[in-house]
Amino acid sequence: MDAAIALATDVDVQLLFRPYELDPEIPKEGTDYKAYMKAKFGSDEGRDRSNSMREALMEYGKTEGIPYRFDNISIRPNTFDAHRLVHWAQGQDKGAEAKEALFHAFFNEGRDIGDQDVLTDIARGIDLDPTIVAELLPTDADADLVRNEASMFRQAGISGVPTYIANRSLAVQGAETAEKLAQFIRHAAEQTPRQDASDPH
């Protein structure tokens, strides 16, 4: 998306990250990564598909300078608190930084991004106040807001990531090239934004 925005310099793009858990049923403490993947892709066909997807992602990562290290991952985390962290970071114009930091922590370093101490450390790394984050994480602060927003997108038919939504009406789902995403951005800019009746702006 960063590359797409760089290609579509004629469009003023504002990124807003929305919560979406791929598997909200993962226990809060997370679960063993290998056992989870075996249960999810247990059949020969499933394992082949999983391996192909992983190899394609690693190959893509090499070309983009993103070294995926699946061998470092031992925990499949519950990401709900990570989504709360992104929500708070967006309030400080640091949503993209939070996302990048979370991806790096999980895919490169194999850290448990469901662990509140890890999330506090990530907050510190992007210059969010770690004391405030550490105080908020054990509470239910913004939990309903994040949960309801995620539920809204699931009910709207979103079934995977990444999914990009523009002007509340146009969407593209799945990994796309920067060129195709730039076309999507320009096409969205040509459309009249759909105004929500509850939105006074």
# chains A, B, ... in the order shown; residues from 1 in each chain; ligands from 1
>>> residues_around(residues="Ile75 in chain A", least_positions_apart="5", cutoff="8 Å", atoms="only C-alpha atoms", output="VMD selection string")
chain A and resid 30 to 33 110 to 112
>>> write_last_selection(atoms="N, CA, C and O atoms", output="mmCIF file, in the first residue's frame")
data_model
loop_
_atom_site.group_PDB
_atom_site.id
_atom_site.type_symbol
_atom_site.label_atom_id
_atom_site.label_comp_id
_atom_site.auth_asym_id
_atom_site.auth_seq_id
_atom_site.Cartn_x
_atom_site.Cartn_y
_atom_site.Cartn_z
ATOM 1 N N GLY A 30 -3.218 -17.266 24.013
ATOM 2 C CA GLY A 30 -2.627 -17.804 22.797
ATOM 3 C C GLY A 30 -2.585 -19.319 22.828
ATOM 4 O O GLY A 30 -3.044 -19.953 23.777
ATOM 5 N N THR A 31 -2.051 -19.901 21.762
ATOM 6 C CA THR A 31 -1.964 -21.360 21.688
ATOM 7 C C THR A 31 -0.698 -21.749 20.938
ATOM 8 O O THR A 31 -0.101 -20.918 20.242
ATOM 9 N N ASP A 32 -0.281 -22.982 21.081
ATOM 10 C CA ASP A 32 0.934 -23.444 20.423
ATOM 11 C C ASP A 32 0.791 -23.315 18.907
ATOM 12 O O ASP A 32 -0.174 -23.794 18.314
ATOM 13 N N TYR A 33 1.762 -22.680 18.282
ATOM 14 C CA TYR A 33 1.676 -22.358 16.855
ATOM 15 C C TYR A 33 1.642 -23.613 15.988
ATOM 16 O O TYR A 33 0.792 -23.760 15.109
ATOM 17 N N GLY A 110 9.247 -13.332 16.073
ATOM 18 C CA GLY A 110 8.513 -14.415 16.708
ATOM 19 C C GLY A 110 8.003 -14.077 18.091
ATOM 20 O O GLY A 110 7.794 -14.973 18.919
ATOM 21 N N ARG A 111 7.758 -12.788 18.363
ATOM 22 C CA ARG A 111 7.282 -12.389 19.689
ATOM 23 C C ARG A 111 5.779 -12.636 19.806
ATOM 24 O O ARG A 111 5.047 -12.629 18.812
ATOM 25 N N ASP A 112 5.324 -12.845 21.026
ATOM 26 C CA ASP A 112 3.907 -13.082 21.296
ATOM 27 C C ASP A 112 3.198 -11.741 21.407
ATOM 28 O O ASP A 112 3.207 -11.098 22.460
#
>>> residues_around(residues="range 118-128 of chain A", least_positions_apart="3", cutoff="8 Å", atoms="only C-alpha atoms", output="list in words")
Ala82, Leu85, Ala89, Lys94, Glu97, Ala98, Ala101, Leu102, Arg111, Asp112, Ile113, Gly114, Asp115, Thr131, Val133 and Ala134 of chain A
>>> write_last_selection(atoms="C-alpha atoms", output="short mmCIF file (atom, residue, chain, number, x, y, z; two decimals), in the first residue's frame")
data_model
loop_
_atom_site.label_atom_id
_atom_site.label_comp_id
_atom_site.auth_asym_id
_atom_site.auth_seq_id
_atom_site.Cartn_x
_atom_site.Cartn_y
_atom_site.Cartn_z
CA ALA A 82 -2.97 -5.74 19.62
CA LEU A 85 -3.10 -0.89 20.69
CA ALA A 89 -1.96 4.54 18.23
CA LYS A 94 0.73 6.39 14.73
CA GLU A 97 3.77 2.66 12.90
CA ALA A 98 1.89 0.39 15.28
CA ALA A 101 5.90 -2.70 14.68
CA LEU A 102 3.41 -5.51 15.36
CA ARG A 111 7.28 -12.39 19.69
CA ASP A 112 3.91 -13.08 21.30
CA ILE A 113 1.92 -10.00 20.31
CA GLY A 114 -0.94 -11.16 22.53
CA ASP A 115 1.24 -10.66 25.61
CA THR A 131 2.91 3.69 31.31
CA VAL A 133 -0.64 1.57 27.68
CA ALA A 134 0.41 -0.74 30.53
#
>>> residues_around(residues="range 152-165 of chain A", least_positions_apart="4", cutoff="7 Å", atoms="only C-alpha atoms", output="PyMOL selection string")
chain A and resi 22+148+169-175
>>> write_last_selection(atoms="C-alpha atoms", output="PDB file, in the first residue's frame")
ATOM      1  CA  LEU A  22      -8.652 -13.915  11.614  1.00  0.00           C
ATOM      2  CA  ASN A 148     -18.187  -4.033  17.707  1.00  0.00           C
ATOM      3  CA  SER A 169     -18.289   1.559  -0.699  1.00  0.00           C
ATOM      4  CA  LEU A 170     -15.427   0.221  -2.832  1.00  0.00           C
ATOM      5  CA  ALA A 171     -13.323  -2.735  -1.735  1.00  0.00           C
ATOM      6  CA  VAL A 172     -10.481  -4.902  -2.937  1.00  0.00           C
ATOM      7  CA  GLN A 173      -9.508  -8.032  -1.062  1.00  0.00           C
ATOM      8  CA  GLY A 174      -6.332 -10.067  -1.109  1.00  0.00           C
ATOM      9  CA  ALA A 175      -2.701  -9.361  -1.882  1.00  0.00           C
TER      10      ALA A 175
END
>>> atom_distance(atom1="CA of Asp129 in chain A", atom2="CA of Gly91 in chain A")
12.5 Å
>>> select_by_dssp(residues="range 20-170 of chain A", states="alpha helix (DSSP H)", output="number ranges by chain")
A: 33-40, 44-64, 80-90, 95-103, 116-125, 130-136, 143-155
>>> write_last_selection(atoms="C-alpha atoms", output="PDB file, in the first residue's frame")
ATOM      1  CA  TYR A  33       1.676 -22.358  16.855  1.00  0.00           C
ATOM      2  CA  LYS A  34       2.620 -25.753  15.402  1.00  0.00           C
ATOM      3  CA  ALA A  35      -0.336 -27.508  17.016  1.00  0.00           C
ATOM      4  CA  TYR A  36      -2.682 -24.783  15.770  1.00  0.00           C
ATOM      5  CA  MET A  37      -1.401 -25.013  12.195  1.00  0.00           C
ATOM      6  CA  LYS A  38      -1.593 -28.820  12.266  1.00  0.00           C
ATOM      7  CA  ALA A  39      -5.207 -28.664  13.409  1.00  0.00           C
ATOM      8  CA  LYS A  40      -6.083 -26.034  10.801  1.00  0.00           C
ATOM      9  CA  ASP A  44      -2.245 -33.571   3.088  1.00  0.00           C
ATOM     10  CA  GLU A  45      -4.080 -31.165   0.803  1.00  0.00           C
ATOM     11  CA  GLY A  46      -4.326 -28.582   3.575  1.00  0.00           C
ATOM     12  CA  ARG A  47      -0.644 -28.864   4.449  1.00  0.00           C
ATOM     13  CA  ASP A  48       0.321 -28.528   0.778  1.00  0.00           C
ATOM     14  CA  ARG A  49      -1.827 -25.411   0.458  1.00  0.00           C
ATOM     15  CA  SER A  50      -0.400 -23.957   3.671  1.00  0.00           C
ATOM     16  CA  ASN A  51       3.176 -24.650   2.588  1.00  0.00           C
ATOM     17  CA  SER A  52       2.562 -23.120  -0.836  1.00  0.00           C
ATOM     18  CA  MET A  53       1.079 -19.997   0.737  1.00  0.00           C
ATOM     19  CA  ARG A  54       3.988 -19.729   3.150  1.00  0.00           C
ATOM     20  CA  GLU A  55       6.593 -20.184   0.414  1.00  0.00           C
ATOM     21  CA  ALA A  56       4.896 -17.566  -1.754  1.00  0.00           C
ATOM     22  CA  LEU A  57       4.816 -15.139   1.160  1.00  0.00           C
ATOM     23  CA  MET A  58       8.483 -15.727   1.973  1.00  0.00           C
ATOM     24  CA  GLU A  59       9.445 -15.238  -1.680  1.00  0.00           C
ATOM     25  CA  TYR A  60       7.425 -12.025  -1.815  1.00  0.00           C
ATOM     26  CA  GLY A  61       9.064 -10.906   1.411  1.00  0.00           C
ATOM     27  CA  LYS A  62      12.507 -11.374  -0.072  1.00  0.00           C
ATOM     28  CA  THR A  63      11.716  -9.097  -3.004  1.00  0.00           C
ATOM     29  CA  GLU A  64      10.238  -6.471  -0.671  1.00  0.00           C
ATOM     30  CA  PHE A  80      -7.491  -8.549  20.309  1.00  0.00           C
ATOM     31  CA  ASP A  81      -5.266  -6.427  22.575  1.00  0.00           C
ATOM     32  CA  ALA A  82      -2.974  -5.737  19.616  1.00  0.00           C
ATOM     33  CA  HIS A  83      -5.987  -4.275  17.809  1.00  0.00           C
ATOM     34  CA  ARG A  84      -6.703  -2.100  20.834  1.00  0.00           C
ATOM     35  CA  LEU A  85      -3.100  -0.889  20.689  1.00  0.00           C
ATOM     36  CA  VAL A  86      -3.510   0.043  17.017  1.00  0.00           C
ATOM     37  CA  HIS A  87      -6.728   1.878  17.901  1.00  0.00           C
ATOM     38  CA  TRP A  88      -4.922   3.938  20.528  1.00  0.00           C
ATOM     39  CA  ALA A  89      -1.956   4.543  18.234  1.00  0.00           C
ATOM     40  CA  GLN A  90      -4.263   5.886  15.511  1.00  0.00           C
ATOM     41  CA  GLY A  95      -1.553   3.686  13.351  1.00  0.00           C
ATOM     42  CA  ALA A  96       0.799   2.710  10.522  1.00  0.00           C
ATOM     43  CA  GLU A  97       3.774   2.661  12.901  1.00  0.00           C
ATOM     44  CA  ALA A  98       1.894   0.389  15.281  1.00  0.00           C
ATOM     45  CA  LYS A  99       0.946  -2.013  12.482  1.00  0.00           C
ATOM     46  CA  GLU A 100       4.514  -2.166  11.187  1.00  0.00           C
ATOM     47  CA  ALA A 101       5.896  -2.704  14.682  1.00  0.00           C
ATOM     48  CA  LEU A 102       3.413  -5.513  15.363  1.00  0.00           C
ATOM     49  CA  PHE A 103       4.148  -7.252  12.058  1.00  0.00           C
ATOM     50  CA  GLN A 116       0.567  -7.344  27.329  1.00  0.00           C
ATOM     51  CA  ASP A 117       4.212  -6.814  28.311  1.00  0.00           C
ATOM     52  CA  VAL A 118       5.225  -7.281  24.668  1.00  0.00           C
ATOM     53  CA  LEU A 119       2.540  -4.823  23.565  1.00  0.00           C
ATOM     54  CA  THR A 120       3.725  -2.295  26.126  1.00  0.00           C
ATOM     55  CA  ASP A 121       7.265  -2.648  24.797  1.00  0.00           C
ATOM     56  CA  ILE A 122       6.017  -2.169  21.233  1.00  0.00           C
ATOM     57  CA  ALA A 123       4.156   0.959  22.360  1.00  0.00           C
ATOM     58  CA  ARG A 124       7.398   2.283  23.849  1.00  0.00           C
ATOM     59  CA  GLY A 125       9.180   1.636  20.548  1.00  0.00           C
ATOM     60  CA  PRO A 130       4.184   2.879  27.824  1.00  0.00           C
ATOM     61  CA  THR A 131       2.907   3.690  31.307  1.00  0.00           C
ATOM     62  CA  ILE A 132      -0.549   4.594  30.004  1.00  0.00           C
ATOM     63  CA  VAL A 133      -0.639   1.575  27.680  1.00  0.00           C
ATOM     64  CA  ALA A 134       0.410  -0.738  30.534  1.00  0.00           C
ATOM     65  CA  GLU A 135      -2.387   0.691  32.670  1.00  0.00           C
ATOM     66  CA  LEU A 136      -5.035   0.370  29.942  1.00  0.00           C
ATOM     67  CA  ALA A 143     -12.830  -3.290  24.203  1.00  0.00           C
ATOM     68  CA  ASP A 144     -16.489  -2.957  23.186  1.00  0.00           C
ATOM     69  CA  LEU A 145     -15.659  -0.342  20.570  1.00  0.00           C
ATOM     70  CA  VAL A 146     -12.996  -2.529  18.922  1.00  0.00           C
ATOM     71  CA  ARG A 147     -15.104  -5.696  19.207  1.00  0.00           C
ATOM     72  CA  ASN A 148     -18.187  -4.033  17.707  1.00  0.00           C
ATOM     73  CA  GLU A 149     -16.209  -2.539  14.840  1.00  0.00           C
ATOM     74  CA  ALA A 150     -14.640  -5.901  14.006  1.00  0.00           C
ATOM     75  CA  SER A 151     -18.079  -7.532  14.155  1.00  0.00           C
ATOM     76  CA  MET A 152     -19.492  -4.907  11.799  1.00  0.00           C
ATOM     77  CA  PHE A 153     -16.931  -5.717   9.105  1.00  0.00           C
ATOM     78  CA  ARG A 154     -17.400  -9.458   9.546  1.00  0.00           C
ATOM     79  CA  GLN A 155     -21.167  -9.033   9.135  1.00  0.00           C
TER      80      GLN A 155
END
>>> residues_around(residues="Thr9 in chain A", least_positions_apart="4", cutoff="10 Å", atoms="only C-alpha atoms", output="PyMOL selection string")
chain A and resi 4-5+13+182+186
>>> select_by_dssp(residues="range 101-172 of chain A", states="strand (DSSP E)", output="list in words")
Thr163, Tyr164, Ile165, Ala166, Leu170, Ala171 and Val172 of chain A
